[in-house]
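See below for the structure under consideration.
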Amino acid sequence: MAAIESSRYFDCIEKNETNTPFIEKVKEYVNADDHNIAFVLDKPLGTKYEYDYYGKVLVVISPNHKLLFLNIGDDGDEFEEFVDEFCDDIYNLSDKHGYCEHINRPRKWKDCLVNKINNPSVERVADYIHESVAAPEWKRKANLILTLLVGCINDLDKIGKDDPTTLLDKVKHNIVLFDGDQTRFVYADFHKKVISVQGLSGTGKTELLLHRLKNAYTDDADSRIFFTCHNRVLATTLANRVTAFFNFMSVNKQIEWNKRLWISHAWGSSYNPNSGLYSFLCHYYKAPFIQYSSNSNYEAIFGNLLKHINTIPKEEFTPALDYIFVDERQDFPDVFIKVCETVTRKMVIWAGDIYQDIFETRKDDKVKVDVVLNRCYRTDPRTLMFAHSLAMGLFDDNKLDWQTEDGWKSLGYELQRIDQLTREVHLRRQPIDRFQEVQENNVPSVRIIENISYETVIGIMQEIKQNHPTVMPHDICVIMIGGGNGIYQYMDQLTVYINQQLRWKVNRAVESKEKVRNQVYLTNTNNVKGLEFPFVICVCGKIDDSYKSRNTYYTMLTRSFLQTYLLINQTGGIGKIKEGLEIINREGYIKTCEPTDVELEKIRKNKIEYNKDAQIPLDQFLQQIFDEMKIDPSMRIPMKDAILNVTFNKFDRELVKEFITSNKHYYE
């Protein structure tokens with residue numbers, strides 16, 4: 001497997017003196033423009049097809065382009081046979097994956113979607129690619145063929161067979177294409193037991209896990225596989241996605257649930273060994289099961305489990321599983337991955353967004369990853385820029401976080417210093433073709449509205465319906481950000497308003513724990529991780545400066561792939577935030593100022609203090625706050641029980657103190 005040059009380039013060609021100059025010219029073409037993407041193949045990826053003329057043809061494929069066949073051998077007849085066989089195999093793949101109706105047999109499209117070059121000139125490689133742009137009416141078919149060749153199979157029932165016409169459908173029904181880094185993760189043989197991918201929210205991590213899961217399940221007939229994550233809603237969604245994924249990938253093996261494949265969250269119940277990874281391993285290794293309590297966490301339960309497993313004599317130990325797949329790795333401590341590695345016979349594959357908690361203090365060598373994904377395909381780049389800006393306080397006088405230049409690069413940003421005196425900098429992201437039309441139509445990716453009334457939410461939904469006639473209720477998600485029982489009263493009343501004024505049903509995810517078709521998704525912050533919607537409405541009291549709250553904004557704002565509405569119940573104090581958002585929407589970059597060394601030191605110290613709170617047991621954390629607020633000892637037990645029953649993050653110091661202040665009169 002060849003080394004990857006960038007997310008916009010991939011090849012799997014065995015290099016030699018003849019083909020290397022051509023490959024280098026393709027790389028030059030890619031590097032010449034941020035929109036250029038190219039794959040260099042000699043057969044469809046992930047297949048076992050073989051050709052007599054193998055090694056003497058380069059197949060260059062790019063989005064919206066014809067298939068470019070470069071004959072670098074010396075036999076024209078064999079080259080023609082190679083092209084015919086290659087195109088026939090495309091049809092075989094289309095038949096397997098249900099594309100035939102749209103792609104048809106090669107004789108229907110070869111003249112319009114194939115460019116053959118005999119005796120190509122190395123110097124003219126870029127010209128050949130430019131001359132291979134498909135006619136407008138053939139571009140969608142060209143992109144579907146590309147997905148077949150790289151194994152990024154799209155579900156035609158979801159994206160549609162024809163070119164979409166409305167703005168919403170153009171984004172929703174966009175053909176999904178692998179980029180270079182994604183392709184490498186799916187097909188590379190890493191020759192190691194633990195494989196890792198780190199990516200921002202919306203970079204396709206879960207989809208890549210599904211591809212590797214499918215390969216493990218189909219290629220290894222007797223394998224036992226566990227796919228896990230932290231969140232129950234996400235686990236339910238994953239189980240549904242695996243079934244659908246196997247179906248449209250035409251996997252001809254039936255899923256043997258709880259025999260060969262388990263999908264569940266990481267904890268589980270002591271009464272059901274299949275209800276979670278921890279319960280499964282406790283039953284398998286006859287380890288004591290620790291029930292959930294205020295003192296228990298992943299560090300404790302998997303730490304104890306590892307100690308128990310290490311007491312088993314080597315000659316008596318057997319791996320419980322062959323493969324473990326972990327989604328949202330950032331939700332788990334290192335000991336969790338260590339347990340997974342210990343109990344797995346062949347491979348642990350995890351994907352995570354270490355920036356889900358963007359304030360976590362990390363050492364450079366703490367998290368080693370095999371593939372880094374920083375091109376976000378789910379979310380409009382402007383939404384991602386605003387979410388990062390709000391979370392890090394980039395528009396505030398006192399910033400909450402800052403990255404090194406390498407750190408910004410790993411996040412997918414290019415830092416441009418504008419003014420040395422004022423320290424003004426601009427942060428830009430590479431454009432994503434999926435959202436080009438949205439930006440050309442001057443549709444803002446994020447809107448801030450200083451009103452959280454029910455009428456405001458209804459008005460937004462009515463506006464969405466008017467602007468996007470094909471919108472469905474399940475395209476809209478309303479997220480309540482904040483704590484306290486008041487959010488449930490708000491959700492109760494909002495449900496009534498939506499039912500009465502829009503005639504739409506509401507899915508209260510705090511109860512259903514899953515997405516429901518044709519129902520508006522209404523939830524708190526606990527049930528949206530890993531999910532996505534065209535439109536997201538975030539409702540919060542105010543934009544405060546606590547680290548946990550700012551981190552929550554980042555996660556919630558990036559649930560949308562078209563538009564996010566941020567509704568706040570405050571007036572004033574957010575002028576700079578609104579100004580920064582306006583520049584992002586209009587100009588496409590973040591305008592901010594680079595902190596001084598003194599400011600950077602302050603940021604560093606504040607993050608250390610924040611991480612201290614996050615690393616201690618909850619009982620100890622609450623005890624510190626009770627002592628700080630001088631809470632009477634007789635009130636502490638019932639007050640702690642009350643805190644455990646609310647939905648906000650229990651390690652958010654400011655929210656906990658606010659809750660205690662608002663409710664302590666009930667315990668006096």
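Letters for chains follow the order of the structure tokens (A, B, ...), residue numbers begin at 1 for each chain, and ligand numbers begin at 1 in the order shown.
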
Which residues, written as a PyMOL selection string, have at least one atom at most 7 Å from segment 527-543 of chain A, with only C-alpha atoms counted and residues fewer than 6 positions away on the same chain left out?
chain A and resi 233-234+452+475-482+509-510+513+559-570

Those residues you just picked out, can you put them in a file as a compact mmCIF listing (two decimals), in the first residue's frame with N, CA and C atoms?
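Contents of selection_32.txt, as written:
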```txt
# COMPACT_ATOMS: atom_id res chain seq x y z
N VAL A 233 -28.18 5.46 22.93
CA VAL A 233 -28.86 5.84 21.69
C VAL A 233 -27.97 5.55 20.49
N LEU A 234 -26.68 5.88 20.61
CA LEU A 234 -25.76 5.61 19.52
C LEU A 234 -25.64 4.11 19.28
N ILE A 452 -35.87 32.60 23.07
CA ILE A 452 -36.06 31.15 23.17
C ILE A 452 -37.54 30.79 23.32
N ASP A 475 -36.04 15.63 9.81
CA ASP A 475 -34.89 16.41 9.37
C ASP A 475 -34.51 17.49 10.39
N ILE A 476 -35.37 17.69 11.38
CA ILE A 476 -35.17 18.79 12.34
C ILE A 476 -34.93 18.22 13.73
N CYS A 477 -33.91 18.75 14.39
CA CYS A 477 -33.58 18.36 15.76
C CYS A 477 -33.58 19.60 16.65
N VAL A 478 -34.25 19.51 17.79
CA VAL A 478 -34.23 20.59 18.78
C VAL A 478 -33.48 20.07 20.01
N ILE A 479 -32.40 20.78 20.37
CA ILE A 479 -31.55 20.35 21.49
C ILE A 479 -31.64 21.37 22.61
N MET A 480 -32.01 20.92 23.80
CA MET A 480 -32.03 21.78 24.97
C MET A 480 -30.66 21.72 25.64
N ILE A 481 -29.98 22.86 25.68
CA ILE A 481 -28.65 22.93 26.29
C ILE A 481 -28.78 23.58 27.66
N GLY A 482 -28.34 22.87 28.68
CA GLY A 482 -28.44 23.41 30.03
C GLY A 482 -29.02 22.37 30.97
N ALA A 509 -36.54 12.19 22.61
CA ALA A 509 -35.43 11.22 22.63
C ALA A 509 -34.96 10.90 24.04
N VAL A 510 -35.26 11.78 25.01
CA VAL A 510 -34.89 11.47 26.39
C VAL A 510 -35.66 10.24 26.88
N LYS A 513 -34.90 7.23 23.15
CA LYS A 513 -33.50 6.85 22.97
C LYS A 513 -33.17 6.41 21.54
N ARG A 559 -24.05 19.17 14.97
CA ARG A 559 -24.95 18.07 14.61
C ARG A 559 -25.64 18.32 13.27
N SER A 560 -25.58 19.53 12.75
CA SER A 560 -26.30 19.85 11.51
C SER A 560 -25.39 19.70 10.30
N PHE A 561 -26.00 19.41 9.13
CA PHE A 561 -25.21 19.45 7.90
C PHE A 561 -25.73 20.51 6.93
N LEU A 562 -26.71 21.31 7.35
CA LEU A 562 -27.14 22.42 6.51
C LEU A 562 -27.19 23.72 7.30
N GLN A 563 -28.02 23.77 8.35
CA GLN A 563 -28.12 25.00 9.13
C GLN A 563 -28.31 24.70 10.60
N THR A 564 -27.72 25.54 11.44
CA THR A 564 -27.90 25.49 12.89
C THR A 564 -28.44 26.83 13.35
N TYR A 565 -29.42 26.78 14.24
CA TYR A 565 -29.97 27.98 14.87
C TYR A 565 -29.60 27.93 16.35
N LEU A 566 -28.95 28.97 16.84
CA LEU A 566 -28.59 29.05 18.25
C LEU A 566 -29.50 30.08 18.92
N LEU A 567 -30.42 29.59 19.75
CA LEU A 567 -31.38 30.45 20.45
C LEU A 567 -30.89 30.67 21.87
N ILE A 568 -30.76 31.92 22.26
CA ILE A 568 -30.27 32.23 23.60
C ILE A 568 -31.22 33.20 24.29
N ASN A 569 -31.26 33.10 25.59
CA ASN A 569 -32.17 33.92 26.39
C ASN A 569 -31.37 35.02 27.08
N GLN A 570 -30.72 35.87 26.29
CA GLN A 570 -29.98 36.97 26.85
C GLN A 570 -29.88 38.09 25.82
```

For Gln416 of chain A, please output as a list in words all residues within 7 Å (counting only C-alpha atoms; exclusion window: fewer than 6 positions along the same chain).
Val425, His426 and Leu427 of chain A

Put those residues in a file: N, CA and C atoms, as an mmCIF file, in the first residue's frame.
```cif
data_model
loop_
_atom_site.group_PDB
_atom_site.id
_atom_site.type_symbol
_atom_site.label_atom_id
_atom_site.label_comp_id
_atom_site.auth_asym_id
_atom_site.auth_seq_id
_atom_site.Cartn_x
_atom_site.Cartn_y
_atom_site.Cartn_z
ATOM 1 N N VAL A 425 -5.074 37.336 13.203
ATOM 2 C CA VAL A 425 -4.850 36.156 12.381
ATOM 3 C C VAL A 425 -6.181 35.725 11.763
ATOM 4 N N HIS A 426 -6.096 35.052 10.624
ATOM 5 C CA HIS A 426 -7.258 34.453 9.986
ATOM 6 C C HIS A 426 -7.056 32.945 9.939
ATOM 7 N N LEU A 427 -8.104 32.215 10.254
ATOM 8 C CA LEU A 427 -8.073 30.754 10.228
ATOM 9 C C LEU A 427 -9.051 30.270 9.166
#
```

Mind checking which residues fall within 12 Å of Gly180 of chain A, counting only C-alpha atoms, ignoring those fewer than 4 positions away in the same chain, and posting them as a ChimeraX atom specification?
/A:2-12,27,30,36-40,62,150,152,184-188,371-375

Pick from A:Asp77, A:Gln198, A:Ile23, A:Asp163 nearest to Leu411 of chain A, counting only C-alpha atoms:
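Selected residue with least distance to Leu411 of chain A: A:Gln198.
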
Interatomic distance, atom CA of Leu144 of chain A to atom CA of Leu168 of chain A (Å, one decimal)
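The value is 19.9 Å.
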
Got a sec: who's within 12 Å of Thr147 of chain A, counting only C-alpha atoms, leaving out chain neighbours fewer than 5 positions off, as a ChimeraX atom specification?
/A:39,44-46,61-64,90,93-94,97,99,103,140-142,152-156,175-179,183

List every residue of segment 171-217 of chain A that DSSP, applied to the backbone, labels as strand (DSSP E or B), and write the result as an NGL selection string.
:A and (194-199)

Work out how far atom CA of Gly580 of chain A is from atom CA of Phe395 of chain A, in Å to one decimal.
6.5 Å

Please provide as a count of residues only all residues within 10 Å of Lys56 of chain A, with the sequence filter that same-chain residues fewer than 3 positions apart are discarded (counting only C-alpha atoms).
14

Could you give me, as an MDAnalysis selection string, each residue of segment 127-249 of chain A that DSSP assigns to helix (DSSP H, G or I) when run on this structure's backbone?
chainID A and resid 127:130 136:150 156:159 167:172 180:187 205:219 232:248
